[in-house]
$ cat data-v4.pdb   # PDB, C-alpha atoms
ATOM      1  CA  MET A   1      68.542  94.157 110.805
ATOM      2  CA  LYS A   2      69.324  95.960 107.560
ATOM      3  CA  ASN A   3      72.693  97.127 108.985
ATOM      4  CA  LEU A   4      73.522  93.576 110.064
ATOM      5  CA  ALA A   5      72.889  92.290 106.531
ATOM      6  CA  ILE A   6      75.189  94.989 105.104
ATOM      7  CA  ILE A   7      77.933  94.152 107.614
ATOM      8  CA  ILE A   8      77.690  90.444 106.812
ATOM      9  CA  ALA A   9      77.782  91.132 103.055
ATOM     10  CA  LEU A  10      80.847  93.358 103.435
ATOM     11  CA  SER A  11      82.586  90.755 105.620
ATOM     12  CA  ILE A  12      82.017  88.068 103.003
ATOM     13  CA  ALA A  13      83.255  90.366 100.225
ATOM     14  CA  PHE A  14      86.461  91.187 102.136
ATOM     15  CA  SER A  15      87.034  87.493 102.913
ATOM     16  CA  LEU A  16      86.678  86.548  99.257
ATOM     17  CA  GLN A  17      88.965  89.413  98.228
ATOM     18  CA  SER A  18      91.760  88.311 100.569
ATOM     19  CA  CYS A  19      91.419  84.690  99.411
ATOM     20  CA  ALA A  20      91.682  85.831  95.798
ATOM     21  CA  GLN A  21      94.858  87.811  96.579
ATOM     22  CA  ASN A  22      96.486  84.833  98.289
ATOM     23  CA  LYS A  23      95.653  82.631  95.333
ATOM     24  CA  LYS A  24      97.272  85.156  92.990
ATOM     25  CA  ASP A  25     100.442  85.255  95.119
ATOM     26  CA  ASN A  26     100.772  81.462  95.068
ATOM     27  CA  SER A  27      99.923  80.914  91.415
ATOM     28  CA  ALA A  28     103.497  80.822  90.095
ATOM     29  CA  PRO A  29     104.024  77.758  87.879
ATOM     30  CA  GLU A  30     105.571  74.682  89.483
ATOM     31  CA  LYS A  31     108.680  75.024  87.268
ATOM     32  CA  VAL A  32     109.252  78.497  88.694
ATOM     33  CA  LYS A  33     108.651  77.450  92.304
ATOM     34  CA  THR A  34     110.955  74.439  91.938
ATOM     35  CA  ALA A  35     113.765  76.549  90.458
ATOM     36  CA  PHE A  36     113.278  79.118  93.215
ATOM     37  CA  ASN A  37     113.407  76.495  95.984
ATOM     38  CA  GLU A  38     116.600  74.998  94.535
ATOM     39  CA  LYS A  39     118.312  78.415  94.372
ATOM     40  CA  PHE A  40     116.972  79.762  97.692
ATOM     41  CA  PRO A  41     116.326  76.830 100.046
ATOM     42  CA  ASP A  42     116.504  79.100 103.130
ATOM     43  CA  ALA A  43     113.949  81.660 101.889
ATOM     44  CA  LYS A  44     111.139  82.657 104.252
ATOM     45  CA  LYS A  45     107.826  84.487 103.735
ATOM     46  CA  VAL A  46     107.828  84.110  99.947
ATOM     47  CA  GLU A  47     105.279  86.155  97.993
ATOM     48  CA  TRP A  48     104.874  85.722  94.237
ATOM     49  CA  GLU A  49     103.759  88.269  91.687
ATOM     50  CA  MET A  50     103.667  88.196  87.905
ATOM     51  CA  GLU A  51     106.196  90.851  86.861
ATOM     52  CA  ASN A  52     105.214  90.780  83.166
ATOM     53  CA  ASP A  53     104.029  88.248  80.572
ATOM     54  CA  SER A  54     107.268  86.255  80.712
ATOM     55  CA  GLU A  55     108.579  86.756  84.240
ATOM     56  CA  TRP A  56     107.649  86.022  87.858
ATOM     57  CA  GLU A  57     109.036  87.893  90.869
ATOM     58  CA  ALA A  58     109.393  86.447  94.352
ATOM     59  CA  GLU A  59     109.804  88.741  97.331
ATOM     60  CA  PHE A  60     111.183  86.981 100.398
ATOM     61  CA  LYS A  61     113.362  87.179 103.477
ATOM     62  CA  MET A  62     116.661  85.394 103.901
ATOM     63  CA  LYS A  63     119.547  85.886 106.331
ATOM     64  CA  GLY A  64     117.745  88.850 107.907
ATOM     65  CA  LYS A  65     117.446  90.780 104.612
ATOM     66  CA  GLU A  66     114.647  91.415 102.145
ATOM     67  CA  TYR A  67     115.242  89.999  98.671
ATOM     68  CA  SER A  68     113.518  89.905  95.330
ATOM     69  CA  ALA A  69     114.272  87.347  92.628
ATOM     70  CA  ASN A  70     112.971  87.120  89.085
ATOM     71  CA  PHE A  71     112.453  83.930  87.093
ATOM     72  CA  SER A  72     111.213  83.339  83.566
ATOM     73  CA  THR A  73     107.964  81.415  83.203
ATOM     74  CA  ASP A  74     110.167  78.417  82.275
ATOM     75  CA  GLY A  75     111.901  78.579  85.671
ATOM     76  CA  GLU A  76     115.130  80.211  84.488
ATOM     77  CA  TRP A  77     116.649  82.513  87.106
ATOM     78  CA  ARG A  78     117.090  86.061  85.786
ATOM     79  CA  GLU A  79     118.002  88.347  88.691
ATOM     80  CA  THR A  80     118.226  88.694  92.454
ATOM     81  CA  GLU A  81     118.295  92.032  94.277
ATOM     82  CA  TYR A  82     118.750  92.924  97.921
ATOM     83  CA  GLU A  83     119.358  96.140  99.807
ATOM     84  CA  ILE A  84     122.653  96.879 101.476
ATOM     85  CA  LYS A  85     123.738  99.512 103.947
ATOM     86  CA  GLU A  86     125.838 102.403 102.719
ATOM     87  CA  SER A  87     128.715 101.067 104.847
ATOM     88  CA  GLU A  88     128.607  97.794 102.836
ATOM     89  CA  ILE A  89     129.471  99.521  99.551
ATOM     90  CA  PRO A  90     133.045  98.513  98.623
ATOM     91  CA  ALA A  91     135.759 101.180  98.459
ATOM     92  CA  ASN A  92     136.361 100.636  94.704
ATOM     93  CA  ILE A  93     132.663 101.312  93.983
ATOM     94  CA  ARG A  94     132.758 104.465  96.119
ATOM     95  CA  ALA A  95     135.874 105.594  94.231
ATOM     96  CA  ILE A  96     133.948 105.387  90.943
ATOM     97  CA  LEU A  97     131.143 107.469  92.445
ATOM     98  CA  ASP A  98     133.701 110.007  93.718
ATOM     99  CA  GLU A  99     135.216 110.286  90.232
ATOM    100  CA  ASN A 100     131.866 110.887  88.525
ATOM    101  CA  PHE A 101     129.795 112.850  91.037
ATOM    102  CA  THR A 102     130.599 115.679  93.403
ATOM    103  CA  ASP A 103     128.895 116.163  96.744
ATOM    104  CA  TYR A 104     126.621 113.168  96.273
ATOM    105  CA  GLU A 105     124.427 111.529  98.872
ATOM    106  CA  ILE A 106     123.407 107.882  98.608
ATOM    107  CA  GLU A 107     119.660 107.458  99.103
ATOM    108  CA  ASP A 108     119.383 103.671  98.508
ATOM    109  CA  ALA A 109     121.873 100.962  97.621
ATOM    110  CA  GLU A 110     121.392  97.370  96.546
ATOM    111  CA  ILE A 111     123.252  94.499  95.009
ATOM    112  CA  ALA A 112     121.865  92.996  91.811
ATOM    113  CA  GLU A 113     123.006  89.522  90.783
ATOM    114  CA  THR A 114     122.323  88.212  87.280
ATOM    115  CA  PRO A 115     123.797  85.393  85.220
ATOM    116  CA  ALA A 116     126.168  88.065  83.809
ATOM    117  CA  GLY A 117     127.516  88.924  87.275
ATOM    118  CA  ILE A 118     127.125  91.268  90.227
ATOM    119  CA  SER A 119     126.457  94.989  90.087
ATOM    120  CA  TYR A 120     125.735  97.733  92.576
ATOM    121  CA  GLU A 121     122.615  99.829  92.001
ATOM    122  CA  MET A 122     122.276 103.099  93.871
ATOM    123  CA  GLU A 123     119.945 106.049  93.942
ATOM    124  CA  ILE A 124     122.007 109.134  94.608
ATOM    125  CA  GLU A 125     121.403 112.834  94.877
ATOM    126  CA  ALA A 126     124.105 115.129  93.484
ATOM    127  CA  ASP A 127     123.858 118.873  92.926
ATOM    128  CA  ASP A 128     120.057 118.893  93.371
ATOM    129  CA  GLU A 129     119.649 116.153  90.749
ATOM    130  CA  GLU A 130     118.729 112.541  91.343
ATOM    131  CA  PHE A 131     120.416 109.690  89.510
ATOM    132  CA  GLU A 132     120.039 105.939  89.305
ATOM    133  CA  VAL A 133     123.573 104.634  89.111
ATOM    134  CA  THR A 134     124.706 101.121  88.272
ATOM    135  CA  ILE A 135     128.315 100.001  88.599
ATOM    136  CA  ASP A 136     129.139  96.456  87.537
ATOM    137  CA  SER A 137     131.893  94.274  88.974
ATOM    138  CA  GLU A 138     134.167  95.333  86.080
ATOM    139  CA  GLY A 139     133.886  98.967  87.215
ATOM    140  CA  THR A 140     131.703 100.122  84.329
ATOM    141  CA  LEU A 141     129.411 102.989  85.305
ATOM    142  CA  THR A 142     125.960 103.497  83.825
ATOM    143  CA  LYS A 143     123.984 106.461  85.011
ATOM    144  CA  LYS A 144     120.478 107.583  84.226
ATOM    145  CA  LYS A 145     119.250 110.995  85.240
ATOM    146  CA  GLU A 146     115.923 110.931  87.038
ATOM    147  CA  SER A 147     113.109 112.956  85.520
ATOM    148  CA  GLU A 148     112.454 116.171  87.428
ATOM    149  CA  GLU A 149     109.397 117.180  85.372
ATOM    150  CA  ASP A 150     107.040 116.205  88.209
ATOM    151  CA  ASP A 151     108.832 118.583  90.618
ATOM    152  CA  GLU A 152     108.635 121.430  88.100
ATOM    153  CA  ASN A 153     104.919 120.850  87.523
ATOM    154  CA  ASP A 154     104.238 120.941  91.256
ATOM    155  CA  GLU A 155     105.657 124.470  91.490
ATOM    156  CA  ASP A 156     103.187 125.934  88.952
TER     157      ASP A 156
END
$ encode --input "data-v4.pdb" --output "structure tokens"
Amino acid sequence: MKNLAIIIALSIAFSLQSCAQNKKDNSAPEKVKTAFNEKFPDAKKVEWEMENDSEWEAEFKMKGKEYSANFSTDGEWRETEYEIKESEIPANIRAILDENFTDYEIEDAEIAETPAGISYEMEIEADDEEFEVTIDSEGTLTKKKESEEDDENDED
């Protein structure tokens, strides 16, 4: 009998927890949801999360791909990102990588769209170093070396 009471209590707690999570996911302001629905009318399986104090992020599926889109709390669209295959990276973007990195391997690639335009964001590995690389539609390259401190600490 005591075990049954514990099982029932745990079941209720898990049910309440999952309800609370769903409520959190759907609590984006109406302005944000309306702006999202206007921009992405074909979106499926939309999940909302508060990115920071002034921004909401929606993760969703559309046209067979996974997307994320960020909106200000006022409903202003800020950014959309979606993964692409390595084969979908345009030749001019690859040429910029070739010019700036030797023997690189692309780990992940995605397209980022903002009001300022489109850019390609890639995680690459070159010469045993990892980089986050962004190349905008104008061909401007920004690179940021990944921190390798964690790997060094693991060897001690």
$ residues_around --input "data-v4.pdb" --residues "Ile89 in chain A" --least-positions-apart "6" --cutoff "12 Å" --atoms "all atoms listed in the file" --output "list of chain:residue names"
A:Glu83, A:Ala95, A:Ile96, A:Leu97, A:Ile106, A:Asp108, A:Ala109, A:Glu110, A:Ile111, A:Ser119, A:Tyr120, A:Glu121, A:Met122, A:Ile135
$ closest_residue --input "data-v4.pdb" --among "A:Glu146, A:Asp53, A:Glu47, A:Glu105" --to "Ala69 in chain A" --atoms "all atoms listed in the file"
A:Glu47
$ atom_distance --input "data-v4.pdb" --atom1 "CA of Glu99 in chain A" --atom2 "CA of Thr80 in chain A"
27.6 Å
$ closest_residue --input "data-v4.pdb" --among "A:Ala112, A:Lys143, A:Ala28, A:Pro41" --to "Ser68 in chain A" --atoms "only C-alpha atoms"
A:Ala112
$ closest_residue --input "data-v4.pdb" --among "A:Thr34, A:Thr134, A:Thr114, A:Asn52" --to "Arg94 in chain A" --atoms "all atoms listed in the file"
A:Thr134
$ closest_residue --input "data-v4.pdb" --among "A:Thr142, A:Ser137, A:Asn37, A:Ser72" --to "Ile93 in chain A" --atoms "all atoms listed in the file"
A:Ser137
$ closest_residue --input "data-v4.pdb" --among "A:Asp128, A:Ser27, A:Glu66, A:Gly117" --to "Glu49 in chain A" --atoms "only C-alpha atoms"
A:Ser27
$ closest_residue --input "data-v4.pdb" --among "A:Ile124, A:Glu51, A:Trp56, A:Leu141" --to "Glu86 in chain A" --atoms "all atoms listed in the file"
A:Ile124
$ atom_distance --input "data-v4.pdb" --atom1 "CA of Gly139 in chain A" --atom2 "CA of Asp127 in chain A"
23.0 Å
$ atom_distance --input "data-v4.pdb" --atom1 "CA of Phe40 in chain A" --atom2 "CA of Tyr67 in chain A"
10.4 Å
$ resolve_selection --input "data-v4.pdb" --expression "the PyMOL selection byres ((chain A and resi 131) around 7)" --output "JSON, numbers by chain"
{"A": [123, 124, 125, 129, 130, 132, 133, 143, 144, 145, 146]}
$ write_last_selection --input "data-v4.pdb" --atoms "C-alpha atoms" --output "PDB file, keeping the file's coordinate frame"
ATOM      1  CA  GLU A 123     119.945 106.049  93.942  1.00  0.00           C
ATOM      2  CA  ILE A 124     122.007 109.134  94.608  1.00  0.00           C
ATOM      3  CA  GLU A 125     121.403 112.834  94.877  1.00  0.00           C
ATOM      4  CA  GLU A 129     119.649 116.153  90.749  1.00  0.00           C
ATOM      5  CA  GLU A 130     118.729 112.541  91.343  1.00  0.00           C
ATOM      6  CA  GLU A 132     120.039 105.939  89.305  1.00  0.00           C
ATOM      7  CA  VAL A 133     123.573 104.634  89.111  1.00  0.00           C
ATOM      8  CA  LYS A 143     123.984 106.461  85.011  1.00  0.00           C
ATOM      9  CA  LYS A 144     120.478 107.583  84.226  1.00  0.00           C
ATOM     10  CA  LYS A 145     119.250 110.995  85.240  1.00  0.00           C
ATOM     11  CA  GLU A 146     115.923 110.931  87.038  1.00  0.00           C
TER      12      GLU A 146
END
$ build_atoms --input "data-v4.pdb" --residues "range 121-148 of chain A" --atoms "N, CA and C atoms" --output "PDB file, keeping the file's coordinate frame"
ATOM      1  N   GLU A 121     123.593  98.856  92.484  1.00  0.00           N
ATOM      2  CA  GLU A 121     122.615  99.829  92.001  1.00  0.00           C
ATOM      3  C   GLU A 121     122.338 100.796  93.141  1.00  0.00           C
ATOM      4  N   MET A 122     122.471 102.090  92.840  1.00  0.00           N
ATOM      5  CA  MET A 122     122.276 103.099  93.871  1.00  0.00           C
ATOM      6  C   MET A 122     121.437 104.243  93.346  1.00  0.00           C
ATOM      7  N   GLU A 123     120.637 104.794  94.224  1.00  0.00           N
ATOM      8  CA  GLU A 123     119.945 106.049  93.942  1.00  0.00           C
ATOM      9  C   GLU A 123     120.723 107.097  94.702  1.00  0.00           C
ATOM     10  N   ILE A 124     121.224 108.093  93.960  1.00  0.00           N
ATOM     11  CA  ILE A 124     122.007 109.134  94.608  1.00  0.00           C
ATOM     12  C   ILE A 124     121.436 110.500  94.288  1.00  0.00           C
ATOM     13  N   GLU A 125     121.759 111.453  95.126  1.00  0.00           N
ATOM     14  CA  GLU A 125     121.403 112.834  94.877  1.00  0.00           C
ATOM     15  C   GLU A 125     122.717 113.597  94.790  1.00  0.00           C
ATOM     16  N   ALA A 126     122.889 114.346  93.692  1.00  0.00           N
ATOM     17  CA  ALA A 126     124.105 115.129  93.484  1.00  0.00           C
ATOM     18  C   ALA A 126     123.718 116.458  92.848  1.00  0.00           C
ATOM     19  N   ASP A 127     124.147 117.541  93.461  1.00  0.00           N
ATOM     20  CA  ASP A 127     123.858 118.873  92.926  1.00  0.00           C
ATOM     21  C   ASP A 127     122.377 119.055  92.596  1.00  0.00           C
ATOM     22  N   ASP A 128     121.505 118.742  93.512  1.00  0.00           N
ATOM     23  CA  ASP A 128     120.057 118.893  93.371  1.00  0.00           C
ATOM     24  C   ASP A 128     119.458 118.066  92.232  1.00  0.00           C
ATOM     25  N   GLU A 129     120.166 117.069  91.768  1.00  0.00           N
ATOM     26  CA  GLU A 129     119.649 116.153  90.749  1.00  0.00           C
ATOM     27  C   GLU A 129     119.702 114.746  91.314  1.00  0.00           C
ATOM     28  N   GLU A 130     118.750 113.926  90.900  1.00  0.00           N
ATOM     29  CA  GLU A 130     118.729 112.541  91.343  1.00  0.00           C
ATOM     30  C   GLU A 130     119.117 111.628  90.186  1.00  0.00           C
ATOM     31  N   PHE A 131     119.938 110.634  90.504  1.00  0.00           N
ATOM     32  CA  PHE A 131     120.416 109.690  89.510  1.00  0.00           C
ATOM     33  C   PHE A 131     120.207 108.265  90.004  1.00  0.00           C
ATOM     34  N   GLU A 132     119.949 107.371  89.047  1.00  0.00           N
ATOM     35  CA  GLU A 132     120.039 105.939  89.305  1.00  0.00           C
ATOM     36  C   GLU A 132     121.371 105.532  88.712  1.00  0.00           C
ATOM     37  N   VAL A 133     122.222 104.967  89.534  1.00  0.00           N
ATOM     38  CA  VAL A 133     123.573 104.634  89.111  1.00  0.00           C
ATOM     39  C   VAL A 133     123.771 103.130  89.246  1.00  0.00           C
ATOM     40  N   THR A 134     124.356 102.531  88.222  1.00  0.00           N
ATOM     41  CA  THR A 134     124.706 101.121  88.272  1.00  0.00           C
ATOM     42  C   THR A 134     126.191 100.989  87.950  1.00  0.00           C
ATOM     43  N   ILE A 135     126.894 100.262  88.810  1.00  0.00           N
ATOM     44  CA  ILE A 135     128.315 100.001  88.599  1.00  0.00           C
ATOM     45  C   ILE A 135     128.494  98.492  88.653  1.00  0.00           C
ATOM     46  N   ASP A 136     128.974  97.909  87.554  1.00  0.00           N
ATOM     47  CA  ASP A 136     129.139  96.456  87.537  1.00  0.00           C
ATOM     48  C   ASP A 136     130.467  96.059  88.171  1.00  0.00           C
ATOM     49  N   SER A 137     130.687  94.765  88.316  1.00  0.00           N
ATOM     50  CA  SER A 137     131.893  94.274  88.974  1.00  0.00           C
ATOM     51  C   SER A 137     133.162  94.586  88.183  1.00  0.00           C
ATOM     52  N   GLU A 138     133.023  94.939  86.912  1.00  0.00           N
ATOM     53  CA  GLU A 138     134.167  95.333  86.080  1.00  0.00           C
ATOM     54  C   GLU A 138     134.513  96.815  86.271  1.00  0.00           C
ATOM     55  N   GLY A 139     133.646  97.545  86.987  1.00  0.00           N
ATOM     56  CA  GLY A 139     133.886  98.967  87.215  1.00  0.00           C
ATOM     57  C   GLY A 139     133.256  99.870  86.171  1.00  0.00           C
ATOM     58  N   THR A 140     132.377  99.327  85.342  1.00  0.00           N
ATOM     59  CA  THR A 140     131.703 100.122  84.329  1.00  0.00           C
ATOM     60  C   THR A 140     130.527 100.857  84.969  1.00  0.00           C
ATOM     61  N   LEU A 141     130.456 102.152  84.738  1.00  0.00           N
ATOM     62  CA  LEU A 141     129.411 102.989  85.305  1.00  0.00           C
ATOM     63  C   LEU A 141     128.345 103.293  84.268  1.00  0.00           C
ATOM     64  N   THR A 142     127.101 103.089  84.643  1.00  0.00           N
ATOM     65  CA  THR A 142     125.960 103.497  83.825  1.00  0.00           C
ATOM     66  C   THR A 142     125.140 104.414  84.700  1.00  0.00           C
ATOM     67  N   LYS A 143     124.812 105.571  84.204  1.00  0.00           N
ATOM     68  CA  LYS A 143     123.984 106.461  85.011  1.00  0.00           C
ATOM     69  C   LYS A 143     122.797 106.936  84.187  1.00  0.00           C
ATOM     70  N   LYS A 144     121.703 107.137  84.880  1.00  0.00           N
ATOM     71  CA  LYS A 144     120.478 107.583  84.226  1.00  0.00           C
ATOM     72  C   LYS A 144     119.912 108.705  85.074  1.00  0.00           C
ATOM     73  N   LYS A 145     119.784 109.854  84.502  1.00  0.00           N
ATOM     74  CA  LYS A 145     119.250 110.995  85.240  1.00  0.00           C
ATOM     75  C   LYS A 145     117.759 110.799  85.472  1.00  0.00           C
ATOM     76  N   GLU A 146     117.340 111.011  86.693  1.00  0.00           N
ATOM     77  CA  GLU A 146     115.923 110.931  87.038  1.00  0.00           C
ATOM     78  C   GLU A 146     115.180 112.096  86.417  1.00  0.00           C
ATOM     79  N   SER A 147     113.952 111.895  86.049  1.00  0.00           N
ATOM     80  CA  SER A 147     113.109 112.956  85.520  1.00  0.00           C
ATOM     81  C   SER A 147     112.713 113.889  86.647  1.00  0.00           C
ATOM     82  N   GLU A 148     112.853 115.187  86.421  1.00  0.00           N
ATOM     83  CA  GLU A 148     112.454 116.171  87.428  1.00  0.00           C
ATOM     84  C   GLU A 148     111.233 116.956  86.961  1.00  0.00           C
TER      85      GLU A 148
END
